[in-house]
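Text of data_16.cif, listed as mmCIF, C-alpha atoms:
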```cif
data_upload
#
loop_
_atom_site.label_atom_id
_atom_site.label_comp_id
_atom_site.auth_asym_id
_atom_site.auth_seq_id
_atom_site.Cartn_x
_atom_site.Cartn_y
_atom_site.Cartn_z
CA MET K 819 67.63 -17.16 16.90
CA ARG K 820 64.44 -18.18 18.58
CA GLN K 821 62.49 -16.23 15.96
CA VAL K 822 64.28 -18.00 13.09
CA VAL K 823 63.58 -21.39 14.62
CA ARG K 824 59.93 -20.50 15.12
CA ALA K 825 59.61 -19.32 11.50
CA ARG K 826 61.17 -22.53 10.18
CA ALA K 827 58.74 -24.56 12.26
CA CYS K 828 55.76 -22.62 10.86
CA ALA K 829 56.78 -22.90 7.20
CA PRO K 830 55.52 -26.45 6.62
CA ARG K 831 52.16 -25.55 8.18
CA ALA K 832 51.83 -22.50 5.90
CA LEU K 833 52.70 -24.62 2.89
CA ALA K 834 50.14 -27.20 3.95
CA ALA K 835 47.46 -24.51 4.35
CA SER K 836 48.16 -22.76 1.06
CA PRO K 837 46.01 -25.11 -1.08
CA ILE K 838 43.04 -23.94 0.94
CA LEU K 839 43.50 -20.50 -0.58
CA LEU K 840 43.26 -22.07 -4.01
CA LEU K 841 39.85 -23.58 -3.29
CA PRO K 842 37.08 -21.96 -5.34
CA GLY K 843 34.85 -19.49 -3.48
CA PRO K 844 31.08 -19.01 -3.94
CA ALA K 845 30.09 -18.35 -7.57
CA LEU K 846 29.22 -14.67 -7.28
CA ALA K 847 28.51 -14.44 -11.01
CA HIS K 848 25.26 -16.32 -10.30
CA PRO K 849 23.80 -14.30 -7.45
CA GLY K 850 20.50 -16.18 -7.46
CA SER K 851 22.04 -19.55 -6.76
CA GLY K 852 22.84 -19.09 -3.09
CA LEU K 853 20.39 -19.73 -0.28
CA ALA K 854 20.84 -16.14 0.91
CA HIS K 855 19.43 -14.87 -2.39
CA VAL K 856 16.22 -16.85 -2.26
CA GLY K 857 14.59 -14.07 -0.26
CA ASP K 858 15.77 -11.48 -2.77
CA ASP K 859 14.36 -13.54 -5.65
CA LEU K 860 11.08 -13.95 -3.81
CA LEU K 861 10.87 -10.20 -3.25
CA LEU K 862 11.86 -9.52 -6.87
CA GLY K 863 9.06 -11.74 -8.16
CA LEU K 864 6.56 -10.13 -5.79
CA THR K 865 7.67 -6.62 -6.75
CA LEU K 866 7.55 -7.50 -10.44
CA SER K 867 3.92 -8.56 -10.23
CA LEU K 868 2.88 -5.59 -8.11
CA THR K 869 4.75 -2.86 -9.99
CA LEU K 870 3.77 -4.06 -13.47
CA ALA K 871 0.15 -3.73 -12.44
CA ALA K 872 -0.90 -2.76 -15.97
CA THR K 873 -0.13 -6.30 -17.14
CA LEU K 874 -1.92 -7.81 -14.18
CA LEU K 875 -4.88 -5.40 -14.22
CA PRO K 876 -7.25 -8.26 -15.17
CA LEU K 877 -6.64 -9.86 -11.78
CA PRO K 878 -8.45 -7.26 -9.61
CA VAL K 879 -11.41 -7.62 -11.99
CA LEU K 880 -11.40 -11.36 -11.29
CA GLY K 881 -11.21 -10.51 -7.58
CA LEU K 882 -14.37 -8.41 -7.86
CA ALA K 883 -16.11 -11.30 -9.64
CA LEU K 884 -15.08 -13.66 -6.84
CA ALA K 885 -16.35 -11.33 -4.06
CA PRO K 886 -19.93 -12.67 -3.99
CA ALA K 887 -18.82 -16.30 -4.63
CA ARG K 888 -19.20 -18.82 -1.80
CA ARG K 889 -15.75 -20.33 -2.22
CA ILE K 890 -12.51 -19.15 -3.77
CA PRO K 891 -11.55 -21.62 -6.52
CA TRP K 892 -7.97 -22.09 -5.31
CA LEU K 893 -7.24 -25.06 -7.54
CA SER K 894 -8.24 -23.17 -10.69
CA LEU K 895 -6.26 -20.09 -9.66
CA LEU K 896 -3.06 -22.02 -8.95
CA ALA K 897 -3.42 -24.34 -11.94
CA GLY K 898 -4.08 -21.43 -14.29
CA GLY K 899 -1.23 -19.35 -12.87
CA GLY K 900 1.15 -22.30 -13.04
CA ALA K 901 0.15 -23.10 -16.62
CA GLY K 902 0.66 -19.47 -17.58
CA LEU K 903 4.14 -19.45 -16.08
CA CYS K 904 5.07 -22.74 -17.80
CA LEU K 905 3.79 -21.58 -21.20
CA ALA K 906 5.17 -18.01 -20.94
CA GLY K 907 8.16 -18.94 -23.08
CA VAL K 908 6.01 -19.92 -26.05
CA ALA K 909 3.24 -17.36 -25.51
CA PRO K 910 2.57 -15.08 -28.51
CA ALA K 911 2.58 -11.28 -28.25
CA GLU K 912 -1.22 -11.23 -28.44
CA VAL K 913 -1.53 -12.76 -24.99
CA ALA K 914 -1.46 -9.33 -23.27
CA PRO K 915 -4.30 -7.70 -25.28
CA LEU K 916 -6.27 -10.98 -25.08
CA SER K 917 -5.98 -10.94 -21.30
CA LEU K 918 -7.08 -7.29 -21.15
CA ALA K 919 -9.99 -7.93 -23.54
CA ILE K 920 -11.34 -10.89 -21.54
CA ALA K 921 -11.04 -8.87 -18.33
CA LEU K 922 -12.85 -5.97 -20.02
CA VAL K 923 -15.78 -8.20 -20.99
CA LEU K 924 -15.90 -9.52 -17.41
CA ALA K 925 -15.76 -5.99 -15.92
CA CYS K 926 -18.55 -4.79 -18.24
CA ALA K 927 -20.65 -7.82 -17.31
CA LEU K 928 -20.14 -7.13 -13.59
CA ALA K 929 -20.94 -3.42 -14.01
CA LEU K 930 -23.98 -3.73 -16.28
CA TRP K 931 -25.44 -7.13 -15.29
CA GLY K 932 -24.81 -6.75 -11.57
CA ARG K 933 -25.40 -10.38 -10.57
CA PRO K 934 -22.92 -13.00 -9.32
CA LEU K 935 -21.48 -15.11 -12.13
CA PRO K 936 -22.51 -18.80 -12.36
CA ARG K 937 -20.02 -21.28 -10.95
CA ILE K 938 -18.70 -22.81 -14.19
CA PRO K 939 -17.80 -19.52 -15.98
CA LEU K 940 -16.29 -18.24 -12.74
CA VAL K 941 -14.05 -21.30 -12.31
CA THR K 942 -13.04 -21.13 -15.98
CA LEU K 943 -12.13 -17.43 -15.70
CA ALA K 944 -10.29 -18.12 -12.43
CA ALA K 945 -7.96 -20.40 -14.38
CA LEU K 946 -7.84 -18.41 -17.61
CA LEU K 947 -7.15 -14.87 -16.40
CA PRO K 948 -4.23 -15.61 -14.02
CA GLY K 949 -2.75 -17.87 -16.70
CA LEU K 950 -2.91 -15.22 -19.41
CA ALA K 951 -1.78 -12.41 -17.08
CA LEU K 952 1.26 -14.30 -15.76
CA ALA K 953 2.14 -15.52 -19.26
CA SER K 954 2.12 -11.92 -20.49
CA LEU K 955 4.21 -10.88 -17.46
CA TYR K 956 6.97 -13.44 -18.12
CA ARG K 957 6.67 -13.60 -21.91
CA GLY K 958 9.84 -12.96 -23.88
CA GLY K 959 12.27 -13.39 -20.98
CA SER K 960 15.84 -14.22 -21.96
CA ALA K 961 16.43 -16.75 -19.18
CA THR K 962 14.48 -19.10 -16.95
CA PRO K 963 13.59 -17.17 -13.78
CA PRO K 964 14.60 -18.69 -10.43
CA PRO K 965 11.84 -20.71 -8.69
CA ALA K 966 11.71 -18.27 -5.77
CA MET K 967 11.01 -15.41 -8.18
CA ILE K 968 8.17 -17.40 -9.77
CA ILE K 969 6.69 -18.13 -6.34
CA GLY K 970 6.95 -14.42 -5.51
CA SER K 971 5.04 -13.50 -8.67
CA LEU K 972 2.37 -16.12 -7.90
CA VAL K 973 1.97 -14.65 -4.41
CA GLY K 974 1.71 -11.14 -5.93
CA ALA K 975 -0.91 -12.35 -8.42
CA CYS K 976 -2.89 -13.99 -5.60
CA LEU K 977 -2.74 -10.74 -3.61
CA LEU K 978 -4.08 -8.79 -6.59
CA ILE K 979 -7.01 -11.24 -6.81
CA LEU K 980 -7.69 -11.79 -3.12
CA GLY K 981 -7.42 -8.13 -2.09
CA PRO K 982 -10.47 -6.95 -4.04
CA ALA K 983 -12.26 -10.28 -3.41
CA LEU K 984 -11.93 -10.05 0.37
CA ALA K 985 -12.64 -6.29 0.43
CA GLY K 986 -15.78 -6.87 -1.65
CA ARG K 987 -16.84 -9.79 0.53
CA ILE K 988 -16.45 -7.71 3.71
CA LEU K 989 -18.47 -4.89 2.10
CA LEU K 990 -21.23 -7.29 1.05
CA HIS K 991 -21.51 -8.81 4.52
CA CYS K 992 -21.10 -5.70 6.66
CA LEU K 993 -23.11 -3.01 4.88
CA PRO K 994 -26.90 -3.25 4.60
CA ASP K 995 -29.20 -2.89 1.59
CA ALA K 996 -28.02 -2.51 -1.98
CA ALA K 997 -25.16 -0.08 -1.28
CA PRO K 998 -22.27 -2.58 -1.31
CA ALA K 999 -23.51 -4.27 -4.50
CA LEU K 1000 -23.72 -0.83 -6.14
CA ALA K 1001 -20.22 0.02 -4.92
CA LEU K 1002 -18.91 -3.19 -6.53
CA ARG K 1003 -20.67 -2.33 -9.80
CA ILE K 1004 -19.21 1.17 -9.82
CA ALA K 1005 -15.74 -0.24 -9.04
CA ALA K 1006 -16.18 -2.70 -11.93
CA SER K 1007 -17.20 0.12 -14.29
CA TRP K 1008 -14.15 2.19 -13.30
CA LEU K 1009 -11.88 -0.83 -13.81
CA ALA K 1010 -13.55 -1.39 -17.19
CA ALA K 1011 -12.83 2.24 -18.13
CA ILE K 1012 -9.15 1.85 -17.20
CA LEU K 1013 -8.99 -1.48 -19.08
CA ILE K 1014 -10.38 0.20 -22.21
CA LEU K 1015 -7.58 2.78 -21.97
CA MET K 1016 -4.94 0.07 -21.44
CA LEU K 1017 -6.26 -1.95 -24.36
CA ALA K 1018 -6.21 1.13 -26.61
CA LEU K 1019 -2.62 1.90 -25.58
CA THR K 1020 -1.56 -1.70 -26.20
CA LEU K 1021 -3.22 -1.81 -29.62
CA SER K 1022 -1.79 1.58 -30.60
CA GLY K 1023 1.73 0.30 -29.94
CA GLN K 1024 2.29 2.45 -26.86
CA ALA K 1025 2.41 -0.65 -24.67
CA GLY K 1026 5.99 0.19 -23.75
CA MET K 1027 4.63 3.16 -21.82
CA VAL K 1028 2.33 0.91 -19.78
CA MET L 1224 25.22 44.49 15.51
CA ARG L 1225 21.47 44.13 15.70
CA ARG L 1226 21.31 44.24 11.93
CA THR L 1227 23.38 41.04 11.60
CA PRO L 1228 20.44 38.59 11.84
CA LEU L 1229 18.47 40.65 9.34
CA ILE L 1230 21.38 40.67 6.89
CA THR L 1231 21.88 36.93 7.36
CA LEU L 1232 18.18 36.32 6.75
CA SER L 1233 18.31 38.46 3.61
CA LEU L 1234 21.33 36.56 2.32
CA VAL L 1235 19.63 33.22 2.98
CA LEU L 1236 16.47 34.37 1.20
CA ALA L 1237 18.53 35.66 -1.73
CA ALA L 1238 20.32 32.32 -1.94
CA LEU L 1239 16.96 30.50 -1.88
CA MET L 1240 15.69 32.72 -4.70
CA LEU L 1241 18.62 31.63 -6.83
CA GLN L 1242 17.65 27.95 -6.43
CA ALA L 1243 16.36 26.23 -9.58
CA GLY L 1244 12.59 25.74 -9.60
CA THR L 1245 10.73 22.58 -10.56
CA ALA L 1246 10.88 21.71 -14.25
CA GLN L 1247 7.23 22.34 -15.12
CA ALA L 1248 7.65 21.00 -18.64
CA HIS L 1249 7.99 17.47 -17.23
CA GLU L 1250 5.25 17.57 -14.63
CA GLY L 1251 3.57 14.49 -16.07
CA ALA L 1252 6.56 12.19 -15.62
CA GLY L 1253 6.50 9.16 -13.34
CA ILE L 1254 3.64 7.34 -11.65
CA ALA L 1255 2.80 10.23 -9.30
CA GLY L 1256 3.03 12.73 -12.15
CA GLY L 1257 0.84 10.53 -14.35
CA PHE L 1258 -1.80 10.23 -11.64
CA ALA L 1259 -1.69 13.97 -10.89
CA SER L 1260 -1.90 14.78 -14.59
CA GLY L 1261 -4.88 12.44 -15.12
CA PHE L 1262 -6.60 13.58 -11.94
CA SER L 1263 -6.22 17.27 -12.69
CA HIS L 1264 -7.28 17.06 -16.34
CA PRO L 1265 -11.05 16.77 -15.76
CA ILE L 1266 -10.96 19.02 -12.68
CA LEU L 1267 -9.01 21.94 -14.16
CA GLY L 1268 -11.16 22.20 -17.28
CA TRP L 1269 -14.42 23.94 -16.39
CA ASP L 1270 -16.11 22.60 -19.52
CA HIS L 1271 -15.51 19.07 -18.18
CA VAL L 1272 -16.39 19.95 -14.59
CA VAL L 1273 -19.84 21.41 -15.33
CA ALA L 1274 -20.86 18.46 -17.52
CA MET L 1275 -19.72 15.81 -15.05
CA VAL L 1276 -21.41 17.52 -12.11
CA ALA L 1277 -24.53 17.84 -14.28
CA VAL L 1278 -24.54 14.07 -14.88
CA GLY L 1279 -24.61 13.47 -11.12
CA LEU L 1280 -27.28 16.15 -10.64
CA TRP L 1281 -29.48 14.74 -13.41
CA GLY L 1282 -29.17 11.26 -11.94
CA ALA L 1283 -30.27 12.61 -8.57
CA VAL L 1284 -33.21 14.48 -10.13
CA LEU L 1285 -34.38 11.39 -12.03
CA GLY L 1286 -33.97 9.20 -8.92
CA ARG L 1287 -33.11 5.52 -8.75
CA PRO L 1288 -31.88 3.68 -10.78
CA ALA L 1289 -30.69 6.65 -12.89
CA LEU L 1290 -28.94 7.95 -9.77
CA TRP L 1291 -26.23 5.32 -10.14
CA ILE L 1292 -26.68 4.16 -13.75
CA LEU L 1293 -25.74 7.54 -15.30
CA PRO L 1294 -22.47 7.87 -13.31
CA LEU L 1295 -21.76 4.25 -14.24
CA VAL L 1296 -22.37 4.75 -17.96
CA PHE L 1297 -20.42 8.01 -18.26
CA PRO L 1298 -16.88 6.72 -17.35
CA LEU L 1299 -17.36 3.57 -19.45
CA VAL L 1300 -18.38 5.44 -22.60
CA MET L 1301 -15.88 8.21 -21.87
CA ALA L 1302 -13.13 5.59 -21.87
CA LEU L 1303 -14.35 4.39 -25.28
CA GLY L 1304 -14.03 7.97 -26.52
CA ALA L 1305 -10.57 8.19 -25.00
CA ALA L 1306 -9.60 4.95 -26.73
CA ALA L 1307 -10.76 6.44 -30.04
CA GLY L 1308 -8.59 9.48 -29.36
CA ILE L 1309 -5.55 7.33 -28.47
CA LEU L 1310 -6.01 5.20 -31.59
CA GLY L 1311 -6.22 8.36 -33.71
CA LEU L 1312 -9.83 7.90 -34.83
CA PRO L 1313 -11.14 11.34 -35.79
CA LEU L 1314 -14.24 12.80 -34.14
CA PRO L 1315 -15.64 16.03 -35.54
CA ALA L 1316 -16.56 19.05 -33.40
CA VAL L 1317 -15.19 17.69 -30.12
CA GLU L 1318 -15.09 21.08 -28.38
CA THR L 1319 -18.61 21.92 -29.62
CA GLY L 1320 -19.85 18.58 -28.30
CA ILE L 1321 -18.27 19.22 -24.90
CA ALA L 1322 -19.76 22.70 -24.64
CA LEU L 1323 -23.15 21.44 -25.86
CA SER L 1324 -23.11 18.78 -23.14
CA GLY L 1325 -23.12 21.53 -20.51
CA VAL L 1326 -26.08 23.26 -22.18
CA VAL L 1327 -28.20 20.11 -22.67
CA LEU L 1328 -27.44 18.43 -19.33
CA GLY L 1329 -27.83 21.73 -17.46
CA LEU L 1330 -31.24 22.33 -19.06
CA MET L 1331 -32.32 18.77 -18.26
CA VAL L 1332 -31.54 19.46 -14.59
CA ALA L 1333 -33.10 22.94 -14.58
CA LEU L 1334 -36.32 21.78 -16.26
CA ALA L 1335 -36.33 18.42 -14.40
CA LEU L 1336 -37.67 16.68 -17.49
CA PRO L 1337 -38.85 13.14 -16.64
CA ALA L 1338 -36.76 11.45 -19.34
CA PRO L 1339 -36.94 7.65 -19.60
CA LEU L 1340 -33.87 5.81 -18.37
CA TRP L 1341 -32.75 4.64 -21.81
CA LEU L 1342 -32.91 8.18 -23.21
CA ALA L 1343 -30.96 9.59 -20.26
CA GLY L 1344 -28.35 6.86 -20.76
CA VAL L 1345 -28.04 7.56 -24.50
CA VAL L 1346 -27.76 11.35 -24.03
CA THR L 1347 -25.15 10.93 -21.28
CA GLY L 1348 -23.24 8.34 -23.32
CA VAL L 1349 -23.15 10.46 -26.49
CA PHE L 1350 -21.69 13.44 -24.64
CA ALA L 1351 -19.26 11.20 -22.73
CA ILE L 1352 -17.66 10.23 -26.07
CA PHE L 1353 -16.69 13.87 -26.73
CA HIS L 1354 -15.21 14.32 -23.25
CA GLY L 1355 -13.30 11.04 -23.52
CA HIS L 1356 -11.94 11.85 -26.97
CA ALA L 1357 -10.52 15.13 -25.64
CA HIS L 1358 -8.85 13.25 -22.76
CA GLY L 1359 -7.45 10.58 -25.09
CA THR L 1360 -5.91 12.97 -27.60
CA GLU L 1361 -4.40 15.10 -24.83
CA LEU L 1362 -2.81 12.13 -23.02
CA PRO L 1363 0.68 13.43 -22.16
CA GLN L 1364 3.49 11.32 -23.62
CA ALA L 1365 5.52 11.49 -20.42
CA ALA L 1366 2.71 10.32 -18.16
CA THR L 1367 2.38 6.72 -16.97
CA PRO L 1368 -0.82 5.70 -18.76
CA LEU L 1369 -2.14 3.43 -16.00
CA ALA L 1370 -1.67 6.18 -13.42
CA TYR L 1371 -3.13 8.76 -15.83
CA GLY L 1372 -6.17 6.55 -16.50
CA LEU L 1373 -6.65 5.86 -12.80
CA GLY L 1374 -6.41 9.57 -12.00
CA PHE L 1375 -8.86 10.72 -14.60
CA VAL L 1376 -11.42 7.99 -13.92
CA LEU L 1377 -11.26 8.76 -10.17
CA ALA L 1378 -11.59 12.50 -10.77
CA THR L 1379 -14.59 11.91 -13.04
CA GLY L 1380 -16.20 9.71 -10.40
CA MET L 1381 -15.62 12.32 -7.71
CA LEU L 1382 -17.22 15.03 -9.85
CA HIS L 1383 -20.25 12.76 -10.37
CA LEU L 1384 -20.41 12.17 -6.62
CA GLY L 1385 -20.28 15.94 -6.06
CA GLY L 1386 -23.25 16.33 -8.41
CA ILE L 1387 -25.14 13.50 -6.69
CA GLY L 1388 -24.43 15.07 -3.30
CA LEU L 1389 -25.82 18.41 -4.45
CA GLY L 1390 -28.71 16.63 -6.14
CA LEU L 1391 -29.77 15.02 -2.85
CA LEU L 1392 -31.15 18.47 -1.93
CA TRP L 1393 -33.94 17.64 -4.41
CA ASN L 1394 -35.97 16.11 -1.57
CA SER L 1395 -36.83 19.54 -0.13
CA ARG L 1396 -38.66 22.45 -1.78
CA HIS L 1397 -35.85 24.95 -1.30
CA GLY L 1398 -33.38 22.28 -2.34
CA GLN L 1399 -35.26 21.80 -5.62
CA MET L 1400 -34.87 25.50 -6.32
CA ALA L 1401 -31.16 25.29 -5.57
CA VAL L 1402 -30.74 22.27 -7.85
CA ARG L 1403 -32.66 23.95 -10.68
CA ALA L 1404 -30.53 27.08 -10.22
CA ALA L 1405 -27.39 24.93 -10.42
CA GLY L 1406 -28.73 23.40 -13.63
CA LEU L 1407 -29.36 26.85 -15.09
CA ALA L 1408 -25.84 27.97 -14.12
CA ILE L 1409 -24.40 24.88 -15.83
CA ALA L 1410 -26.45 25.52 -18.97
CA ALA L 1411 -25.29 29.16 -18.98
CA ALA L 1412 -21.66 28.08 -18.58
CA GLY L 1413 -22.10 25.62 -21.43
CA GLY L 1414 -23.59 28.38 -23.54
CA ALA L 1415 -20.62 30.61 -22.75
CA PHE L 1416 -18.23 27.86 -23.87
CA LEU L 1417 -20.32 27.21 -26.97
CA THR L 1418 -20.35 30.83 -28.09
CA GLY L 1419 -16.73 31.41 -27.20
CA ILE L 1420 -17.43 33.94 -24.44
CA ALA L 1421 -15.59 31.77 -21.87
#
```
Will you turn the file into structure tokens for me?
Amino acid sequence: MRQVVRARACAPRALAASPILLLPGPALAHPGSGLAHVGDDLLLGLTLSLTLAATLLPLPVLGLALAPARRIPWLSLLAGGGAGLCLAGVAPAEVAPLSLAIALVLACALALWGRPLPRIPLVTLAALLPGLALASLYRGGSATPPPAMIIGSLVGACLLILGPALAGRILLHCLPDAAPALALRIAASWLAAILILMLALTLSGQAGMV
Amino acid sequence: MRRTPLITLSLVLAALMLQAGTAQAHEGAGIAGGFASGFSHPILGWDHVVAMVAVGLWGAVLGRPALWILPLVFPLVMALGAAAGILGLPLPAVETGIALSGVVLGLMVALALPAPLWLAGVVTGVFAIFHGHAHGTELPQAATPLAYGLGFVLATGMLHLGGIGLGLLWNSRHGQMAVRAAGLAIAAAGGAFLTGIA
């Protein structure tokens, strides 16, 4: 009897609590919308820029050009990268070979000329190359990427520029004589050789392999 | 009873022998495969090896700035040749050009001819086109091109460095003899490739 009485007393509470079960849960169909997925998006964007290195190959060349520069043109880098990301949706297919071609000219200039670039061309290239590279990375996407993914790709692009720039700067300051400058020129010539191959593959329609 | 471990070992070895080996037909797949394929291509072909070592040797014999300009020119022009091969542009007598590069560059080292820098650059560049074209046309379809390109440019650079390292012996009298002998050996190897002996 006691059990029946207790069950009757609990029934109204259960009825009152049942609407809670009908409340909608988190929208799992949109995994990027939750705060917990921001980290995943960030990592995805970073991984995207680092694993599709063929698209972003112009950025290490820019890094080598920035190695002997007094200051890193942060504003140009971020403005160019941001513009590239904003315009990726309307970017034509030619943006990838254009990016590779400009980087190739820069790499050849670094390898054969062997002097630091003047400030104005350097600042211009610091805006142009990240813009073109990121536009070619995100070109043709079917949906707007989450902001965290975009930030991740920007960080990846900056790493691809700053890595060679800082390594080159350390070499230039630590090693004596002409050896570090020669090492940078040889690195530029090797990057130019790889860029020529990439450009040929892109123009021959084997870009899907890249 | 003492034979039991031996029998067990034999059975284990027999079972291991029945395991499937690596699929060698797809060795160029993936990033690592692409890099390995690109890296091994210049190193496993003796006709490429002798010419690339000869470029480093000739640079060392001519001294600065040829010491670093020739190994800088070679990969750049070689990549142009590779691009021509990838794009399907025909180049006649590629194998003859590669073999001839060993003969000419080897003789340049052996005779230590004081060639002007521009001439050394042109000779090196012309032969680099033949080597690059061969690499470009033989680019494996399964390989990751970026990794393949990285591998074969790095391997080329290392062969040049090997030649430069050997060429640094040029500073001593006995070293000069050794370098000239290496040049002669390279020219002979090139001649063997040219005539079809090797």
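Comparing the minimum interatomic distances between chain K and each of L:Leu1312, L:Ile1387, L:Met1331, L:Ala1302, counting all atoms listed in the file, we find that L:Ala1302 sits nearest.
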Residues of chain L within 6 Å of chain K, counting only C-alpha atoms, as a list in words:
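Using only C-alpha atoms, chain L residues at most 6 Å from chain K: Leu1295, Leu1299, Ala1302, Ala1306, Leu1310, Pro1368 and Gly1372 of chain L.
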In Å, rounded to a single decimal, give me how far atom CA of Ala953 of chain K is from atom CA of Leu860 of chain K.
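Separation of atom CA of Leu860 of chain K and atom CA of Ala953 of chain K: 17.9 Å.
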For the PyMOL selection byres ((chain L and resi 1382) around 12), applied here, can you spell out every residue it catches as a ChimeraX atom specification?
/L:1262-1263,1265-1269,1271-1280,1294,1297-1298,1375-1381,1383-1389
Could you list, as a compact mmCIF listing (two decimals) with C-alpha atoms, keeping the file's coordinate frame, every residue within 8 Å of Gly970 of chain K, counting all atoms listed in the file and ignoring same-chain residues fewer than 3 positions away?
```txt
# COMPACT_ATOMS: atom_id res chain seq x y z
CA ASP K 859 14.36 -13.54 -5.65
CA LEU K 860 11.08 -13.95 -3.81
CA LEU K 861 10.87 -10.20 -3.25
CA LEU K 862 11.86 -9.52 -6.87
CA GLY K 863 9.06 -11.74 -8.16
CA LEU K 864 6.56 -10.13 -5.79
CA THR K 865 7.67 -6.62 -6.75
CA ALA K 966 11.71 -18.27 -5.77
CA MET K 967 11.01 -15.41 -8.18
CA VAL K 973 1.97 -14.65 -4.41
CA GLY K 974 1.71 -11.14 -5.93
```
Ground truth for the PyMOL selection byres ((chain K and resi 882) around 10), written as JSON, numbers by chain
{"K": [877, 878, 879, 880, 881, 883, 884, 885, 886, 887, 924, 925, 928, 934, 979, 980, 981, 982, 983, 984, 985, 986, 987, 1002, 1003, 1005, 1006, 1009]}
What is the distance between atom CA of Ala919 of chain K and atom CA of Pro876 of chain K, in Å to one decimal?
8.8 Å
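The point (2.0, -21.2, -22.0) has these residues within 12 Å of it, counting only C-alpha atoms: Ala897, Gly898, Gly899, Gly900, Ala901, Gly902, Leu903, Cys904, Leu905, Ala906, Gly907, Val908, Ala909, Pro910, Ala911, Val913, Leu946, Pro948, Gly949, Leu950, Ala951, Leu952, Ala953, Ser954, Leu955, Tyr956, Arg957 and Gly958 of chain K.
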Between atom CA of Leu1290 of chain L and atom CA of Phe1350 of chain L, what distance in Å does the model show, to one decimal?
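Calculated distance between atom CA of Leu1290 of chain L and atom CA of Phe1350 of chain L is 17.4 Å.
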May I have the residues at most 12 Å from (-28.4, 20.6, -0.7) in the file's coordinates, counting all atoms listed in the file, as number ranges by chain?
L: 1280, 1283, 1385-1405
Give me the residues near Val1300 of chain L as a list of chain:residue names, where near means some atom within 6 Å (using only C-alpha atoms) and where sequence neighbours in that chain fewer than 4 positions away do not count.
L:Gly1348, L:Ala1351, L:Ile1352
Please determine an axis-aligned box that encloses all atoms of segment 887-897 of chain K listed in the file, with 8 Å added on each side, and express its centre and edge lengths in Å to one decimal as lines of an AutoDock Vina configuration file.
```
center_x = -11.1
center_y = -20.7
center_z = -6.9
size_x = 32.1
size_y = 24.8
size_z = 26.1
```
Which residues would end up in the selection if the PyMOL selection byres ((chain K and resi 941) around 10) were applied here, given that I need the answer as a VMD selection string?
chain K and resid 884 890 to 895 935 to 940 942 to 946
